[in-house]
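Engineer: Can you keep this structure in mind? I'll have questions shortly.
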Amino acid sequence: KPFSRAGAPPCFHVAQSMPRSPYTRLLLCLVSLALLAETRPPPGSCAAKRASGEGAAGRAWSGIEPECRTKLEANRTAAAMRCLEGHFLEAREPGRRAGDFFTTLRKLRHDAEMITWLEQEGKVKTEVKKLYRGIYHAARPKHMHQPDKVFEVKFQEQNDDRSLWQKAHNKAIYIDPVGKEVPKKTIRAKPVALQTFEESFASSGYAVIDKLLTDGTMKKLQQFLQASSFYFY
């Protein structure tokens, strides 16, 4: 039963099927830059650029808006983060740009679960929950055997439901304010672990590190990611 889960928010139930949004790239870049700041300042330009040849690292670097990349290269981290956030809000704030009517059954289930949880927490209105649950249940019989096939959500007329979908679907309908809170200490890992992490990322574009963040930072980051609606196709 897709709507029977209690407890933790459902934002990660289908994480593998959801591409990273500019805001997710922002968070990943924040973590990388925090690591570098805790070890040593990169000489000359952003270490992400120096590691951005082929592969995942190169694609991630190329996916950042050019004007924001320029600020990162100049080590203007705070300005770069504001730049990325501005681009994100320009595209994803409710009411900005036209609506997106394409989805998949798997993503629609995720969205319906996420909005159900947000409604229970008092973050969105009940009519948003009813709309998403209704559309999911209507689409399920036809698309349940191909849950990852893209289809278009169609409305017969320009009514309240269509307007609500336009404002909510693939929009940042709620961003938890905890994302603005910065703990005094964020990095828990030891310098030697950070050095190994940086070397691995520079050589392959991948890196694994245990116990990277302090418990307080991890708790805030988890809350921010779980409660905020910024995963999009």
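Lettering and numbering for the structure tokens are positional, with chains as A, B, ... in the shown order, residues counted from 1 in each chain, and ligands counted from 1 in the shown order.
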Identify, on the basis of only C-alpha atoms, every residue whose closest approach to A:Lys184 does not exceed 12 Å; exclude the query and any residue fewer than 4 positions from it along the same chain; express the result as JSON, numbers by chain.
Structural biologist: {"A": [188, 213, 214, 216, 217]}
Engineer: Only N, CA, C and O atoms, please: the residues just picked out, written as a CSV table (one decimal), in the first residue's frame.
Structural biologist:
chain,number,residue,atom,x,y,z
A,188,ARG,N,33.5,16.0,10.6
A,188,ARG,CA,34.0,15.1,11.7
A,188,ARG,C,35.2,14.3,11.3
A,188,ARG,O,36.0,13.9,12.2
A,213,LEU,N,30.5,13.8,8.4
A,213,LEU,CA,29.9,15.0,9.1
A,213,LEU,C,29.7,14.7,10.6
A,213,LEU,O,29.5,13.6,11.0
A,214,THR,N,29.6,15.8,11.3
A,214,THR,CA,29.3,15.7,12.7
A,214,THR,C,27.8,15.2,12.8
A,214,THR,O,27.0,15.4,11.9
A,216,GLY,N,25.4,16.5,14.6
A,216,GLY,CA,24.5,17.7,14.4
A,216,GLY,C,24.3,18.1,13.0
A,216,GLY,O,23.1,18.4,12.6
A,217,THR,N,25.3,18.1,12.2
A,217,THR,CA,25.3,18.5,10.8
A,217,THR,C,24.5,17.4,10.1
A,217,THR,O,23.6,17.8,9.2
Engineer: Considering only helix (DSSP H, G or I) as DSSP defines it on the backbone, what residues of stretch 49-233 of chain A qualify? List them as a PyMOL selection string.
Structural biologist: chain A and resi 49-50+55-62+66-73+77-92+105-120+126-143+160-168+177-180+191-204+215-227
Engineer: Rounded to one decimal place, report the atom CA of A:Arg133-atom CA of A:Phe224 distance in Å.
Structural biologist: 23.8 Å
Engineer: Of the candidates A:Leu221, A:Val128, A:Pro183, A:Glu119, which one gets nearest to A:Gln166 if we count only C-alpha atoms?
Structural biologist: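 Of all the options, A:Val128 lies closest to A:Gln166.
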Engineer: DSSP on the backbone, strand (DSSP E) only: what residues of stretch 91-182 of chain A does that give? Format it as a PDB file with all heavy atoms, in the first residue's frame.
Structural biologist:
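Result went into result.pdb, see below:
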ATOM      1  N   PHE A 102       4.538  15.937 -17.679  1.00  0.00           N
ATOM      2  CA  PHE A 102       5.074  14.604 -17.947  1.00  0.00           C
ATOM      3  C   PHE A 102       5.634  13.997 -16.668  1.00  0.00           C
ATOM      4  O   PHE A 102       6.305  14.666 -15.873  1.00  0.00           O
ATOM      5  CB  PHE A 102       6.157  14.671 -19.025  1.00  0.00           C
ATOM      6  CG  PHE A 102       5.612  15.009 -20.392  1.00  0.00           C
ATOM      7  CD1 PHE A 102       5.568  16.328 -20.829  1.00  0.00           C
ATOM      8  CD2 PHE A 102       5.116  14.018 -21.215  1.00  0.00           C
ATOM      9  CE1 PHE A 102       5.055  16.653 -22.066  1.00  0.00           C
ATOM     10  CE2 PHE A 102       4.598  14.332 -22.467  1.00  0.00           C
ATOM     11  CZ  PHE A 102       4.564  15.642 -22.899  1.00  0.00           C
ATOM     12  N   THR A 103       5.386  12.707 -16.484  1.00  0.00           N
ATOM     13  CA  THR A 103       5.857  12.005 -15.295  1.00  0.00           C
ATOM     14  C   THR A 103       5.910  10.514 -15.598  1.00  0.00           C
ATOM     15  O   THR A 103       5.704  10.093 -16.739  1.00  0.00           O
ATOM     16  CB  THR A 103       4.938  12.295 -14.092  1.00  0.00           C
ATOM     17  OG1 THR A 103       5.516  11.751 -12.909  1.00  0.00           O
ATOM     18  CG2 THR A 103       3.547  11.733 -14.298  1.00  0.00           C
ATOM     19  N   PHE A 151       4.688   9.359 -19.298  1.00  0.00           N
ATOM     20  CA  PHE A 151       3.387   9.651 -19.884  1.00  0.00           C
ATOM     21  C   PHE A 151       2.981  11.070 -19.497  1.00  0.00           C
ATOM     22  O   PHE A 151       3.563  11.684 -18.596  1.00  0.00           O
ATOM     23  CB  PHE A 151       2.320   8.640 -19.439  1.00  0.00           C
ATOM     24  CG  PHE A 151       2.022   8.652 -17.964  1.00  0.00           C
ATOM     25  CD1 PHE A 151       1.026   9.466 -17.440  1.00  0.00           C
ATOM     26  CD2 PHE A 151       2.737   7.842 -17.085  1.00  0.00           C
ATOM     27  CE1 PHE A 151       0.748   9.479 -16.081  1.00  0.00           C
ATOM     28  CE2 PHE A 151       2.462   7.841 -15.726  1.00  0.00           C
ATOM     29  CZ  PHE A 151       1.457   8.662 -15.219  1.00  0.00           C
ATOM     30  N   GLU A 152       1.972  11.583 -20.174  1.00  0.00           N
ATOM     31  CA  GLU A 152       1.500  12.949 -19.943  1.00  0.00           C
ATOM     32  C   GLU A 152       0.220  12.936 -19.110  1.00  0.00           C
ATOM     33  O   GLU A 152      -0.701  12.171 -19.387  1.00  0.00           O
ATOM     34  CB  GLU A 152       1.237  13.658 -21.274  1.00  0.00           C
ATOM     35  CG  GLU A 152       0.822  15.121 -21.117  1.00  0.00           C
ATOM     36  CD  GLU A 152       0.611  15.815 -22.444  1.00  0.00           C
ATOM     37  OE1 GLU A 152       0.737  15.144 -23.495  1.00  0.00           O
ATOM     38  OE2 GLU A 152       0.320  17.030 -22.440  1.00  0.00           O
TER      39      GLU A 152
END
Engineer: Between A:Ala207, A:Leu118, A:Ala202, A:Ala98, which residue has the minimum interatomic distance to A:Gly58, considering only C-alpha atoms?
Structural biologist: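 Closest to A:Gly58, using only C-alpha atoms: A:Ala202.
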Engineer: As a ChimeraX atom specification, please: the residues near A:Asp210 (cut-off 9 Å, only C-alpha atoms, same-chain neighbours under 2 positions excluded).
Structural biologist: /A:189,193,208,212-213
Engineer: Determine the nearest neighbour of A:Gln222 from the options A:Glu199, A:Ile209, A:Ala80, A:Gly179, counting only C-alpha atoms.
Structural biologist: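 Answer, going by the shortest atom-to-atom distance: A:Gly179.
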Engineer: Set the distance at 10 Å and use only C-alpha atoms: which residues neighbour A:Lys71 once local chain neighbours fewer than 5 positions away are removed? I'd like the list as a list in words.
Structural biologist: Ser45, Cys46, Pro66, Arg76, Thr77, Ala78, Ala79, Ala80, Met81 and Cys83 of chain A
Engineer: Just how far from atom CA of A:Leu131 is atom CA of A:Gln226, in Å to one decimal?
Structural biologist: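 Taking atom CA of A:Gln226 and atom CA of A:Leu131, their separation equals 21.2 Å.
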